[in-house]
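For reference, run.txt (compact mmCIF, C-alpha atoms (C1' of nucleotides)):
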# COMPACT_ATOMS: atom_id res chain seq x y z
CA MET R 1 150.39 78.74 94.07
CA VAL R 2 147.65 78.03 96.56
CA ARG R 3 144.57 76.22 95.47
CA TRP R 4 142.23 78.61 97.30
CA GLU R 5 142.50 82.31 97.93
CA PRO R 6 142.84 82.94 101.67
CA GLY R 7 140.30 84.81 103.76
CA ALA R 8 137.15 83.13 102.54
CA VAL R 9 135.15 84.15 105.60
CA GLU R 10 136.18 87.77 105.32
CA ARG R 11 135.33 87.86 101.62
CA LEU R 12 131.92 86.36 102.24
CA HIS R 13 131.27 88.80 105.07
CA SER R 14 132.22 91.82 102.97
CA ALA R 15 130.21 90.69 99.98
CA ALA R 16 127.18 90.04 102.17
CA LEU R 17 127.37 93.43 103.87
CA GLU R 18 127.71 95.24 100.58
CA LEU R 19 124.86 93.39 98.90
CA TYR R 20 122.56 93.67 101.90
CA ALA R 21 123.24 97.42 101.97
CA THR R 22 122.64 98.00 98.27
CA LYS R 23 119.97 95.48 97.28
CA GLY R 24 118.42 94.75 100.64
CA PHE R 25 118.66 91.61 102.77
CA GLU R 26 115.75 89.65 101.38
CA GLU R 27 116.49 90.66 97.81
CA THR R 28 119.96 89.16 97.87
CA THR R 29 120.39 85.42 97.54
CA VAL R 30 123.13 83.41 99.15
CA ALA R 31 124.17 82.30 95.68
CA GLU R 32 124.86 85.92 94.79
CA ILE R 33 126.97 86.48 97.88
CA ALA R 34 128.97 83.35 97.20
CA GLN R 35 129.53 84.30 93.59
CA ALA R 36 130.69 87.79 94.59
CA ALA R 37 133.20 86.15 96.90
CA GLY R 38 134.31 83.66 94.26
CA LEU R 39 132.87 80.70 96.13
CA THR R 40 129.83 78.46 96.04
CA GLU R 41 126.63 78.58 98.03
CA ARG R 42 127.58 75.41 99.88
CA THR R 43 130.76 77.01 101.16
CA PHE R 44 128.83 79.99 102.51
CA PHE R 45 126.86 77.64 104.74
CA ARG R 46 130.03 75.96 105.91
CA HIS R 47 131.22 79.27 107.39
CA PHE R 48 127.91 80.75 108.54
CA ALA R 49 125.08 78.92 110.23
CA ASP R 50 122.53 80.86 108.20
CA LYS R 51 122.11 83.82 105.89
CA ARG R 52 121.92 86.28 108.78
CA GLU R 53 125.06 85.19 110.56
CA ALA R 54 127.24 86.72 107.87
CA LEU R 55 126.45 90.04 109.53
CA PHE R 56 127.06 88.99 113.12
CA GLY R 57 130.58 87.63 113.18
CA GLY R 58 133.10 88.55 115.87
CA ALA R 59 130.52 88.71 118.63
CA GLU R 60 132.78 86.77 120.99
CA LEU R 61 135.36 89.57 121.35
CA PHE R 62 132.56 92.07 121.72
CA GLN R 63 130.94 90.11 124.52
CA GLN R 64 134.23 89.42 126.21
CA SER R 65 134.96 93.12 126.56
CA PHE R 66 131.89 93.46 128.76
CA LEU R 67 132.89 90.49 130.89
CA ASP R 68 136.46 91.75 131.26
CA GLY R 69 135.18 95.08 132.55
CA ILE R 70 132.98 93.34 135.09
CA GLU R 71 135.84 91.18 136.31
CA ALA R 72 138.16 94.14 136.62
CA ALA R 73 135.72 96.34 138.53
CA PRO R 74 136.77 97.25 142.08
CA ASP R 75 135.18 95.49 145.00
CA GLY R 76 132.51 97.04 147.15
CA GLY R 77 130.43 98.62 144.40
CA SER R 78 126.71 98.20 143.94
CA PRO R 79 125.51 95.76 141.24
CA LEU R 80 124.82 98.63 138.90
CA GLU R 81 128.25 100.14 139.46
CA ILE R 82 129.90 96.87 138.51
CA VAL R 83 127.75 96.69 135.39
CA ILE R 84 128.75 100.24 134.52
CA ALA R 85 132.35 99.10 134.61
CA GLY R 86 131.52 96.39 132.09
CA VAL R 87 129.60 98.64 129.74
CA SER R 88 132.30 101.29 129.93
CA SER R 89 134.93 98.72 129.12
CA ALA R 90 133.02 97.68 126.02
CA ALA R 91 132.80 101.31 124.91
CA ARG R 92 136.51 101.15 124.13
CA PHE R 93 135.57 98.56 121.53
CA PHE R 94 133.86 101.31 119.54
CA SER R 95 136.42 104.00 118.85
CA ASP R 96 135.26 106.98 116.83
CA ASP R 97 136.80 105.73 113.61
CA ARG R 98 134.41 102.81 113.72
CA ARG R 99 131.40 105.06 113.75
CA ALA R 100 130.87 105.09 109.99
CA SER R 101 130.98 101.33 109.55
CA SER R 102 128.84 100.80 112.65
CA ARG R 103 126.34 103.21 111.17
CA GLN R 104 126.12 101.26 107.92
CA ARG R 105 125.75 97.93 109.64
CA THR R 106 123.04 99.26 111.95
CA LYS R 107 121.20 100.72 109.00
CA VAL R 108 121.12 97.34 107.29
CA ILE R 109 119.82 95.67 110.44
CA ALA R 110 117.18 98.34 111.02
CA ALA R 111 115.82 97.72 107.53
CA ASN R 112 114.95 94.08 108.13
CA PRO R 113 112.95 92.34 110.86
CA GLN R 114 114.82 89.07 110.55
CA LEU R 115 118.09 90.83 111.26
CA GLN R 116 116.55 92.75 114.14
CA GLU R 117 115.50 89.48 115.71
CA ARG R 118 119.01 88.14 115.49
CA GLU R 119 120.40 91.35 116.98
CA LEU R 120 118.00 91.11 119.91
CA HIS R 121 119.02 87.52 120.47
CA LYS R 122 122.69 88.51 120.63
CA MET R 123 121.89 91.23 123.15
CA SER R 124 119.90 88.76 125.21
CA SER R 125 122.83 86.36 125.23
CA LEU R 126 125.07 89.21 126.32
CA ALA R 127 122.78 90.00 129.25
CA THR R 128 122.77 86.35 130.28
CA ALA R 129 126.56 86.21 130.17
CA MET R 130 126.88 89.43 132.16
CA ALA R 131 124.49 88.16 134.80
CA GLY R 132 126.68 85.08 135.10
CA ALA R 133 129.77 87.24 135.56
CA LEU R 134 128.00 89.21 138.27
CA ARG R 135 127.10 86.00 140.07
CA GLU R 136 130.74 85.00 139.90
CA ARG R 137 131.43 88.17 141.84
CA GLY R 138 129.00 87.18 144.54
CA ILE R 139 125.94 89.12 143.44
CA ARG R 140 122.77 87.11 143.91
CA GLU R 141 119.64 86.78 141.85
CA PRO R 142 117.52 88.57 140.97
CA ALA R 143 119.90 91.51 141.41
CA ALA R 144 122.43 90.06 138.96
CA THR R 145 119.99 89.67 136.08
CA LEU R 146 118.24 92.97 136.77
CA ALA R 147 121.53 94.83 136.72
CA ALA R 148 122.78 93.00 133.63
CA GLU R 149 119.58 93.66 131.67
CA SER R 150 119.65 97.30 132.69
CA GLY R 151 123.24 97.57 131.54
CA VAL R 152 122.41 96.10 128.14
CA THR R 153 119.48 98.50 127.78
CA VAL R 154 121.73 101.46 128.50
CA PHE R 155 124.31 100.15 126.07
CA ARG R 156 121.75 99.73 123.29
CA MET R 157 120.32 103.20 123.76
CA SER R 158 123.79 104.74 123.99
CA PHE R 159 124.88 102.97 120.84
CA ALA R 160 121.82 104.25 119.00
CA GLN R 161 122.64 107.81 120.05
CA TRP R 162 126.29 107.32 119.17
CA ILE R 163 125.56 106.52 115.56
CA ALA R 164 122.65 108.94 115.20
CA ASP R 165 122.96 111.52 112.47
CA GLY R 166 124.96 114.53 113.60
CA ALA R 167 126.10 112.96 116.83
CA ASP R 168 129.73 113.45 117.75
CA ARG R 169 129.98 112.61 121.45
CA SER R 170 131.99 109.56 122.45
CA LEU R 171 130.11 106.41 123.35
CA ILE R 172 131.34 106.40 126.91
CA ASP R 173 130.09 109.94 127.52
CA ILE R 174 126.62 109.01 126.34
CA GLU R 175 126.64 105.91 128.50
CA GLN R 176 127.43 107.91 131.61
CA ASP R 177 124.54 110.24 130.99
CA LEU R 178 122.11 107.40 130.46
CA PHE R 179 123.21 105.56 133.59
CA ALA R 180 122.58 108.77 135.51
CA GLU R 181 119.14 109.02 133.95
CA LEU R 182 118.43 105.42 134.91
CA THR R 183 119.17 106.00 138.57
CA ALA R 184 117.02 109.12 138.49
CA ILE R 185 114.08 107.25 136.98
CA ALA R 186 114.19 104.44 139.47
CA VAL R 187 113.55 106.70 142.40
CA VAL R 188 110.03 106.10 143.64
CA ARG R 189 108.16 109.08 145.01
CA GLY R 190 110.31 111.38 142.91
CA MET C 1 75.87 71.84 106.25
CA VAL C 2 78.70 74.33 106.17
CA ARG C 3 81.32 73.92 103.57
CA TRP C 4 84.15 74.52 106.03
CA GLU C 5 84.37 73.75 109.70
CA PRO C 6 84.59 77.01 111.65
CA GLY C 7 87.58 78.05 113.72
CA ALA C 8 90.33 77.31 111.27
CA VAL C 9 92.82 79.61 113.01
CA GLU C 10 92.17 78.06 116.37
CA ARG C 11 92.51 74.54 115.00
CA LEU C 12 95.79 75.39 113.33
CA HIS C 13 97.06 77.04 116.51
CA SER C 14 96.17 74.04 118.66
CA ALA C 15 97.63 71.55 116.22
CA ALA C 16 100.85 73.55 115.99
CA LEU C 17 101.23 73.87 119.75
CA GLU C 18 100.65 70.17 120.27
CA LEU C 19 103.04 69.08 117.54
CA TYR C 20 105.74 71.54 118.58
CA ALA C 21 105.45 70.26 122.14
CA THR C 22 105.61 66.57 121.25
CA LYS C 23 107.85 66.37 118.17
CA GLY C 24 109.76 69.62 118.51
CA PHE C 25 109.47 72.79 116.45
CA GLU C 26 111.99 72.01 113.72
CA GLU C 27 110.86 68.42 113.44
CA THR C 28 107.29 69.35 112.57
CA THR C 29 106.46 70.46 109.07
CA VAL C 30 103.75 72.94 108.20
CA ALA C 31 102.14 70.24 106.08
CA GLU C 32 101.73 68.11 109.18
CA ILE C 33 100.11 70.93 111.14
CA ALA C 34 97.72 71.65 108.30
CA GLN C 35 96.79 68.00 107.95
CA ALA C 36 96.15 67.69 111.68
CA ALA C 37 93.79 70.65 111.38
CA GLY C 38 92.10 69.24 108.30
CA LEU C 39 93.46 71.97 106.04
CA THR C 40 96.21 72.49 103.51
CA GLU C 41 99.63 74.02 103.87
CA ARG C 42 98.60 77.00 101.76
CA THR C 43 95.79 77.84 104.16
CA PHE C 44 98.20 77.80 107.10
CA PHE C 45 100.19 80.57 105.46
CA ARG C 46 97.03 82.56 104.82
CA HIS C 47 96.42 82.76 108.56
CA PHE C 48 100.00 82.98 109.85
CA ALA C 49 102.84 84.97 108.37
CA ASP C 50 105.28 82.15 109.05
CA LYS C 51 105.70 78.88 110.90
CA ARG C 52 106.52 80.62 114.16
CA GLU C 53 103.55 82.95 114.24
CA ALA C 54 101.19 80.06 114.98
CA LEU C 55 102.52 80.30 118.54
CA PHE C 56 102.29 84.07 118.95
CA GLY C 57 98.68 84.94 118.21
CA GLY C 58 96.67 87.30 120.36
CA ALA C 59 99.59 89.58 121.12
CA GLU C 60 97.49 92.68 120.49
CA LEU C 61 95.25 92.19 123.53
CA PHE C 62 98.29 91.35 125.60
CA GLN C 63 100.09 94.53 124.58
CA GLN C 64 96.99 96.66 124.99
CA SER C 65 96.66 95.65 128.63
CA PHE C 66 100.04 97.28 129.31
CA LEU C 67 99.06 100.44 127.48
CA ASP C 68 95.71 100.64 129.25
CA GLY C 69 97.44 100.48 132.61
CA ILE C 70 99.80 103.27 131.63
CA GLU C 71 96.94 105.48 130.46
CA ALA C 72 94.97 104.85 133.61
CA ALA C 73 97.85 105.58 136.00
CA PRO C 74 97.39 108.61 138.26
CA ASP C 75 99.19 111.82 137.47
CA GLY C 76 102.24 112.98 139.34
CA GLY C 77 104.08 109.67 139.50
CA SER C 78 107.65 109.08 138.45
CA PRO C 79 108.23 107.37 135.07
CA LEU C 80 108.86 104.08 136.78
CA GLU C 81 105.70 104.36 138.84
CA ILE C 82 103.64 104.83 135.71
CA VAL C 83 105.32 101.82 134.12
CA ILE C 84 104.56 99.79 137.22
CA ALA C 85 100.89 100.61 136.68
CA GLY C 86 101.13 99.22 133.17
CA VAL C 87 102.92 96.04 134.13
CA SER C 88 100.52 95.46 137.02
CA SER C 89 97.58 95.93 134.70
CA ALA C 90 98.94 93.26 132.38
CA ALA C 91 99.35 90.87 135.28
CA ARG C 92 95.58 90.54 135.37
CA PHE C 93 95.92 89.02 131.91
CA PHE C 94 97.57 85.99 133.49
CA SER C 95 95.23 84.57 136.07
CA ASP C 96 96.37 81.50 137.94
CA ASP C 97 94.30 79.12 135.84
CA ARG C 98 96.41 80.09 132.86
CA ARG C 99 99.58 79.02 134.54
CA ALA C 100 99.63 75.49 133.14
CA SER C 101 99.11 76.49 129.53
CA SER C 102 101.60 79.36 129.87
CA ARG C 103 104.08 76.88 131.21
CA GLN C 104 103.70 74.57 128.22
CA ARG C 105 103.98 77.38 125.72
CA THR C 106 107.07 78.78 127.42
CA LYS C 107 108.65 75.36 127.46
CA VAL C 108 108.19 75.03 123.71
CA ILE C 109 109.72 78.45 123.13
CA ALA C 110 112.64 77.75 125.45
CA ALA C 111 113.47 74.64 123.44
CA ASN C 112 114.05 76.47 120.17
CA PRO C 113 116.25 79.48 119.28
CA GLN C 114 114.03 80.59 116.41
CA LEU C 115 111.06 80.86 118.74
CA GLN C 116 113.15 82.68 121.33
CA GLU C 117 114.09 85.25 118.74
CA ARG C 118 110.46 85.86 117.89
CA GLU C 119 109.60 86.17 121.57
CA LEU C 120 112.33 88.74 122.10
CA HIS C 121 111.06 90.69 119.12
CA LYS C 122 107.56 90.79 120.58
CA MET C 123 108.95 92.03 123.88
CA SER C 124 110.95 94.67 122.09
CA SER C 125 107.84 95.86 120.26
CA LEU C 126 106.04 96.00 123.59
CA ALA C 127 108.77 98.19 125.07
CA THR C 128 108.58 100.52 122.07
CA ALA C 129 104.82 100.81 122.41
CA MET C 130 105.07 101.47 126.14
CA ALA C 131 107.66 104.17 125.60
CA GLY C 132 105.26 105.81 123.16
CA ALA C 133 102.47 105.70 125.73
CA LEU C 134 104.76 107.31 128.29
CA ARG C 135 105.60 110.09 125.87
CA GLU C 136 101.89 110.63 125.36
CA ARG C 137 101.76 111.30 129.08
CA GLY C 138 104.47 113.93 128.81
CA ILE C 139 107.50 111.92 129.79
CA ARG C 140 110.49 112.80 127.67
CA GLU C 141 113.28 110.74 126.20
CA PRO C 142 115.43 109.07 127.26
CA ALA C 143 113.41 108.60 130.44
CA ALA C 144 110.45 107.11 128.58
CA THR C 145 112.44 104.37 126.84
CA LEU C 146 114.56 103.62 129.90
CA ALA C 147 111.46 103.18 132.04
CA ALA C 148 109.65 101.11 129.42
CA GLU C 149 112.60 98.78 128.88
CA SER C 150 113.01 98.35 132.63
CA GLY C 151 109.36 97.52 132.93
CA VAL C 152 109.57 94.86 130.25
CA THR C 153 112.62 93.38 131.94
CA VAL C 154 110.78 93.13 135.23
CA PHE C 155 107.79 91.61 133.50
CA ARG C 156 109.90 88.96 131.76
CA MET C 157 111.69 87.98 134.93
CA SER C 158 108.44 87.93 136.90
CA PHE C 159 106.79 85.77 134.29
CA ALA C 160 109.67 83.32 134.39
CA GLN C 161 109.32 83.02 138.17
CA TRP C 162 105.56 82.73 137.89
CA ILE C 163 105.75 79.62 135.74
CA ALA C 164 108.78 78.14 137.46
CA ASP C 165 108.37 74.67 138.90
CA GLY C 166 106.80 74.75 142.32
CA ALA C 167 105.94 78.44 142.22
CA ASP C 168 102.55 79.42 143.49
CA ARG C 169 102.71 83.17 144.08
CA SER C 170 100.58 85.43 141.90
CA LEU C 171 102.27 87.26 139.07
CA ILE C 172 101.54 90.68 140.51
CA ASP C 173 103.18 89.81 143.82
CA ILE C 174 106.37 88.75 142.07
CA GLU C 175 106.35 91.91 139.99
CA GLN C 176 106.17 94.11 143.06
CA ASP C 177 109.16 92.39 144.60
CA LEU C 178 111.23 92.75 141.47
CA PHE C 179 110.40 96.42 141.05
CA ALA C 180 111.56 96.96 144.61
CA GLU C 181 114.78 95.11 143.81
CA LEU C 182 115.27 97.27 140.76
CA THR C 183 115.09 100.50 142.69
CA ALA C 184 117.48 99.07 145.26
CA ILE C 185 120.00 98.11 142.60
CA ALA C 186 119.96 101.45 140.91
CA VAL C 187 121.18 103.28 143.97
CA VAL C 188 124.77 104.32 143.41
CA ARG C 189 127.07 104.32 146.41
CA GLY C 190 124.90 101.72 148.05
C1' DT M 1 64.47 80.06 89.59
C1' DA M 2 68.58 81.84 87.63
C1' DC M 3 72.39 84.76 88.31
C1' DC M 4 76.06 87.31 90.63
C1' DT M 5 79.14 88.25 94.37
C1' DT M 6 82.04 87.11 98.17
C1' DA M 7 84.90 84.67 101.52
C1' DA M 8 87.48 80.82 102.65
C1' DT M 9 89.84 77.21 100.77
C1' DG M 10 92.27 74.07 97.33
C1' DT M 11 95.69 73.17 93.54
C1' DC M 12 99.88 73.79 91.35
C1' DA M 13 104.10 75.55 90.07
C1' DG M 14 107.57 77.78 91.41
C1' DT M 15 111.94 80.26 94.31
C1' DG M 16 115.17 80.24 97.93
C1' DT M 17 117.28 78.48 102.34
C1' DC M 18 119.66 74.94 104.30
C1' DT M 19 121.50 69.89 104.70
C1' DG M 20 123.62 65.35 103.62
C1' DT M 21 126.81 62.96 100.85
C1' DC M 22 130.44 62.15 98.01
C1' DA M 23 134.20 63.75 94.94
C1' DT M 24 138.22 66.70 94.15
C1' DC M 25 142.50 68.83 94.83
C1' DA M 26 146.59 70.85 97.03
C1' DC M 27 149.43 70.44 100.88
C1' DT M 28 151.90 67.70 104.67
C1' DG M 29 154.53 64.32 106.83
C1' DA M 30 156.45 59.72 106.96
C1' DT S 1 155.99 57.59 96.90
C1' DC S 2 151.88 57.46 99.36
C1' DA S 3 148.44 57.93 102.88
C1' DG S 4 146.20 61.50 105.45
C1' DT S 5 143.97 66.23 106.03
C1' DG S 6 141.35 70.33 105.19
C1' DA S 7 138.91 73.37 102.39
C1' DT S 8 136.10 73.35 98.59
C1' DG S 9 132.87 71.81 94.65
C1' DA S 10 128.91 69.17 92.76
C1' DC S 11 124.57 67.34 93.28
C1' DA S 12 120.29 65.89 95.12
C1' DG S 13 116.77 66.74 98.25
C1' DA S 14 113.63 68.50 102.18
C1' DC S 15 111.09 72.18 103.53
C1' DA S 16 109.41 77.21 104.14
C1' DC S 17 107.03 80.40 101.73
C1' DT S 18 104.68 82.92 97.48
C1' DG S 19 101.90 83.97 93.32
C1' DA S 20 98.25 82.80 90.28
C1' DC S 21 94.20 80.66 89.34
C1' DA S 22 90.35 77.39 90.27
C1' DT S 23 86.64 75.78 93.34
C1' DT S 24 82.80 75.78 96.41
C1' DA S 25 78.88 77.23 99.28
C1' DA S 26 76.50 80.88 101.26
C1' DG S 27 73.89 85.19 100.62
C1' DG S 28 71.70 88.66 97.94
C1' DT S 29 69.12 90.24 93.70
C1' DA S 30 66.33 90.23 89.69

Would you write out, as structure tokens, the structure that this file holds?
Amino acid sequence: MVRWEPGAVERLHSAALELYATKGFEETTVAEIAQAAGLTERTFFRHFADKREALFGGAELFQQSFLDGIEAAPDGGSPLEIVIAGVSSAARFFSDDRRASSRQRTKVIAANPQLQERELHKMSSLATAMAGALRERGIREPAATLAAESGVTVFRMSFAQWIADGADRSLIDIEQDLFAELTAIAVVRG
Amino acid sequence: MVRWEPGAVERLHSAALELYATKGFEETTVAEIAQAAGLTERTFFRHFADKREALFGGAELFQQSFLDGIEAAPDGGSPLEIVIAGVSSAARFFSDDRRASSRQRTKVIAANPQLQERELHKMSSLATAMAGALRERGIREPAATLAAESGVTVFRMSFAQWIADGADRSLIDIEQDLFAELTAIAVVRG
DNA sequence: TACCTTAATGTCAGTGTCTGTCATCACTGA
DNA sequence: TCAGTGATGACAGACACTGACATTAAGGTA
């Protein structure tokens, strides 16, 4: 007989996602989420820094998959090629059976400006971390940050296409196309 | 004898900037800002949607200067060249005598995550608007969004260099260098 | 002059997010 | 048996933000 049911964080996360999806983010109170998870409001704020964070857990693994890909990239590539290795590595994080849940989560975020702001902040942190990893590999500024920001842009656009209605291509395929488009765009006097 | 002193918005903006800079954003209450401006808390929220917005006024003119530059760009250029026209046009918005005040404002934003999130959101909106302007000029997706996002990235990095300690180059000079770096990075098999 | 309208503000009573503090309870190890 | 320890509950409070209604001075109109 345990005093507390295990998995409090997971229960809070699930309850939050479900309520945000059905009632809307602003229309759900933290007290409601806590009650749905069988806990109190105070406990919610012990596990999540704020009401939004319940939707953004597990970002460390996500970010690490980018950094791993950058570290593992072969030597001698251009900055963008090394970034492509990182973004491709992270694509494995999103197998096709995750598409449905990714779609729901993205829909919730798209419906609320506060959540969009948090999402942008996470992406900005990712770009900063990737730029750091590039510098570790000897790439100097401003090339490191330019390449990292470009990589995050391509990832965001690819992800949006990946979960778009009717889409069925794999994330990594879409990424490759968009990186090709990026190099085409950057040509001056084209 | 006027009943109310004119320039309520400006007074609130100034009071907020000063208090955020001296006490810190989270440490200042809206009531304090309102009192410093000779108004009430309720009036603050009539002029600004939230506590952060007091720092982000006048974004419409700022954004429009990008769009104007895109509209005015000559025909026949690549997507990135048209974006460069927009970003260069906006550089005129930041003459050198604005450097000191830009520096203070940026410092306040850098000191607080909530303000950073709002800043990122504004930049994201700018990129969306620029992509729309590019589409108006016949550029298709995904080229339009890729070019717009790249342009915003270059602008952000240029701006950061422009207000960096000891910097004295003009914003437009820095932008040109970074656009050149961007095209260099994007070359595959470099 | 008296009256009406309007715009900007004030007043007041809320709701909801988030924090600090202390109490509670099961489990653990000595 | 007893002193930690860790997750939670209970409670009070600060502060951001909103809705509803009152107030005031300026301008226009009869």

- Atom pair atom CA of Ser150 of chain C + atom CA of Ser150 of chain R, distance 6.7 Å

Need to verify the contact set: DT15 of chain M, 10 Å, only C-alpha atoms (C1' of nucleotides), exclusion of same-chain residues closer than 2 positions in sequence. Can you return it as a JSON list (two decimals) with C-alpha atoms (C1' of nucleotides), in the frame of the given file?
[["chain", "number", "residue", "atom", "x", "y", "z"],
["M", 17, "DT", "C1'", 117.28, 78.48, 102.34],
["S", 17, "DC", "C1'", 107.03, 80.40, 101.73],
["S", 18, "DT", "C1'", 104.68, 82.92, 97.48]]

- Message: Report, in Å to a single decimal, how far apart atom CA of Glu175 of chain C and atom CA of Phe155 of chain C are.
- Response: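 Atom CA of Phe155 of chain C sits 6.7 Å away from atom CA of Glu175 of chain C.
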
- Message: Which polymer residues, whether protein, DNA or RNA, lie within 12 Å of the coordinate (95.8, 72.8, 93.6) when you count all atoms listed in the file? List them as a list of chain:residue names, using the chain letters and numbers from the file.
- Response: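 The residues that fall inside the cut-off are C:Thr40, C:Glu41, C:Arg42, C:Thr43, M:DT9, M:DG10, M:DT11, M:DC12, M:DA13, S:DA20, S:DC21, S:DA22, S:DT23.
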
- Message: Near chain R, meaning an atom within 10 Å, which residues of chain S appear when counting all atoms listed in the file? Write them as a ChimeraX atom specification.
- Response: /S:7-10

- Message: Within 7 Å of chain C, which residues belong to chain R? Use only C-alpha atoms and report them as a PyMOL selection string.
- Response: chain R and resi 77-81+117-118+120-121+143+146-147+149-150+153+181-183+185-190

Once 8 Å is added on each side, what are the centre and the three edge lengths, in Å to one decimal, of the axis-aligned box enclosing the listed atoms of segment 4-15 of chain S? Present them as JSON.
{"center_x": 128.6, "center_y": 67.4, "center_z": 99.4, "size_x": 51.1, "size_y": 27.9, "size_z": 29.3}

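The spacing separating atom CA of Gln176 of chain R from atom CA of Ser88 of chain R amounts to 8.4 Å.
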
Select, as a compact mmCIF listing (two decimals) with C-alpha atoms (C1' of nucleotides), in the frame of the given file, those residues of chain M with any atom no more than 8 Å from chain R (distances computed using only C-alpha atoms (C1' of nucleotides)).
# COMPACT_ATOMS: atom_id res chain seq x y z
C1' DG M 16 115.17 80.24 97.93
C1' DC M 18 119.66 74.94 104.30
C1' DC M 25 142.50 68.83 94.83
C1' DA M 26 146.59 70.85 97.03

- Excluding same-chain residues fewer than 4 positions from Asp168 of chain R, what lies within 12 Å of it counting all atoms listed in the file, as number ranges by chain? R: 95-97, 99-100, 159, 161-164, 172-174

With N, CA and C atoms as the target, complete segment 48-66 of chain R and hand it back as a PDB file, in the coordinates of the input.
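To be explicit, this is the file written out as result_2.pdb:
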ATOM      1  N   PHE R  48     128.949  80.069 107.772  1.00  0.00           N
ATOM      2  CA  PHE R  48     127.910  80.750 108.540  1.00  0.00           C
ATOM      3  C   PHE R  48     126.709  79.827 108.724  1.00  0.00           C
ATOM      4  N   ALA R  49     126.181  79.826 109.920  1.00  0.00           N
ATOM      5  CA  ALA R  49     125.080  78.920 110.230  1.00  0.00           C
ATOM      6  C   ALA R  49     123.860  79.228 109.375  1.00  0.00           C
ATOM      7  N   ASP R  50     123.634  80.491 109.079  1.00  0.00           N
ATOM      8  CA  ASP R  50     122.530  80.860 108.200  1.00  0.00           C
ATOM      9  C   ASP R  50     122.837  82.181 107.520  1.00  0.00           C
ATOM     10  N   LYS R  51     121.908  82.606 106.691  1.00  0.00           N
ATOM     11  CA  LYS R  51     122.110  83.820 105.890  1.00  0.00           C
ATOM     12  C   LYS R  51     122.354  85.054 106.733  1.00  0.00           C
ATOM     13  N   ARG R  52     121.781  85.092 107.932  1.00  0.00           N
ATOM     14  CA  ARG R  52     121.920  86.280 108.780  1.00  0.00           C
ATOM     15  C   ARG R  52     123.277  86.367 109.440  1.00  0.00           C
ATOM     16  N   GLU R  53     123.838  85.205 109.772  1.00  0.00           N
ATOM     17  CA  GLU R  53     125.060  85.190 110.560  1.00  0.00           C
ATOM     18  C   GLU R  53     126.232  85.885 109.878  1.00  0.00           C
ATOM     19  N   ALA R  54     126.162  86.037 108.573  1.00  0.00           N
ATOM     20  CA  ALA R  54     127.240  86.720 107.870  1.00  0.00           C
ATOM     21  C   ALA R  54     127.430  88.147 108.372  1.00  0.00           C
ATOM     22  N   LEU R  55     126.404  88.659 109.042  1.00  0.00           N
ATOM     23  CA  LEU R  55     126.450  90.040 109.530  1.00  0.00           C
ATOM     24  C   LEU R  55     126.827  90.116 111.000  1.00  0.00           C
ATOM     25  N   PHE R  56     126.902  88.976 111.672  1.00  0.00           N
ATOM     26  CA  PHE R  56     127.060  88.990 113.120  1.00  0.00           C
ATOM     27  C   PHE R  56     128.321  88.274 113.599  1.00  0.00           C
ATOM     28  N   GLY R  57     129.338  88.268 112.778  1.00  0.00           N
ATOM     29  CA  GLY R  57     130.580  87.630 113.180  1.00  0.00           C
ATOM     30  C   GLY R  57     131.329  88.448 114.218  1.00  0.00           C
ATOM     31  N   GLY R  58     132.268  87.820 114.909  1.00  0.00           N
ATOM     32  CA  GLY R  58     133.100  88.550 115.870  1.00  0.00           C
ATOM     33  C   GLY R  58     132.382  88.962 117.128  1.00  0.00           C
ATOM     34  N   ALA R  59     131.266  88.324 117.434  1.00  0.00           N
ATOM     35  CA  ALA R  59     130.520  88.710 118.630  1.00  0.00           C
ATOM     36  C   ALA R  59     131.206  88.259 119.912  1.00  0.00           C
ATOM     37  N   GLU R  60     132.128  87.298 119.801  1.00  0.00           N
ATOM     38  CA  GLU R  60     132.780  86.770 120.990  1.00  0.00           C
ATOM     39  C   GLU R  60     133.666  87.843 121.637  1.00  0.00           C
ATOM     40  N   LEU R  61     134.491  88.508 120.832  1.00  0.00           N
ATOM     41  CA  LEU R  61     135.360  89.570 121.350  1.00  0.00           C
ATOM     42  C   LEU R  61     134.530  90.681 121.973  1.00  0.00           C
ATOM     43  N   PHE R  62     133.473  91.036 121.248  1.00  0.00           N
ATOM     44  CA  PHE R  62     132.560  92.070 121.720  1.00  0.00           C
ATOM     45  C   PHE R  62     132.028  91.727 123.108  1.00  0.00           C
ATOM     46  N   GLN R  63     131.509  90.529 123.240  1.00  0.00           N
ATOM     47  CA  GLN R  63     130.940  90.110 124.520  1.00  0.00           C
ATOM     48  C   GLN R  63     132.009  90.041 125.605  1.00  0.00           C
ATOM     49  N   GLN R  64     133.183  89.581 125.215  1.00  0.00           N
ATOM     50  CA  GLN R  64     134.230  89.420 126.210  1.00  0.00           C
ATOM     51  C   GLN R  64     134.644  90.754 126.815  1.00  0.00           C
ATOM     52  N   SER R  65     134.544  91.826 126.027  1.00  0.00           N
ATOM     53  CA  SER R  65     134.960  93.120 126.560  1.00  0.00           C
ATOM     54  C   SER R  65     134.041  93.574 127.697  1.00  0.00           C
ATOM     55  N   PHE R  66     132.788  93.177 127.636  1.00  0.00           N
ATOM     56  CA  PHE R  66     131.890  93.460 128.760  1.00  0.00           C
ATOM     57  C   PHE R  66     132.316  92.658 129.990  1.00  0.00           C
TER      58      PHE R  66
END
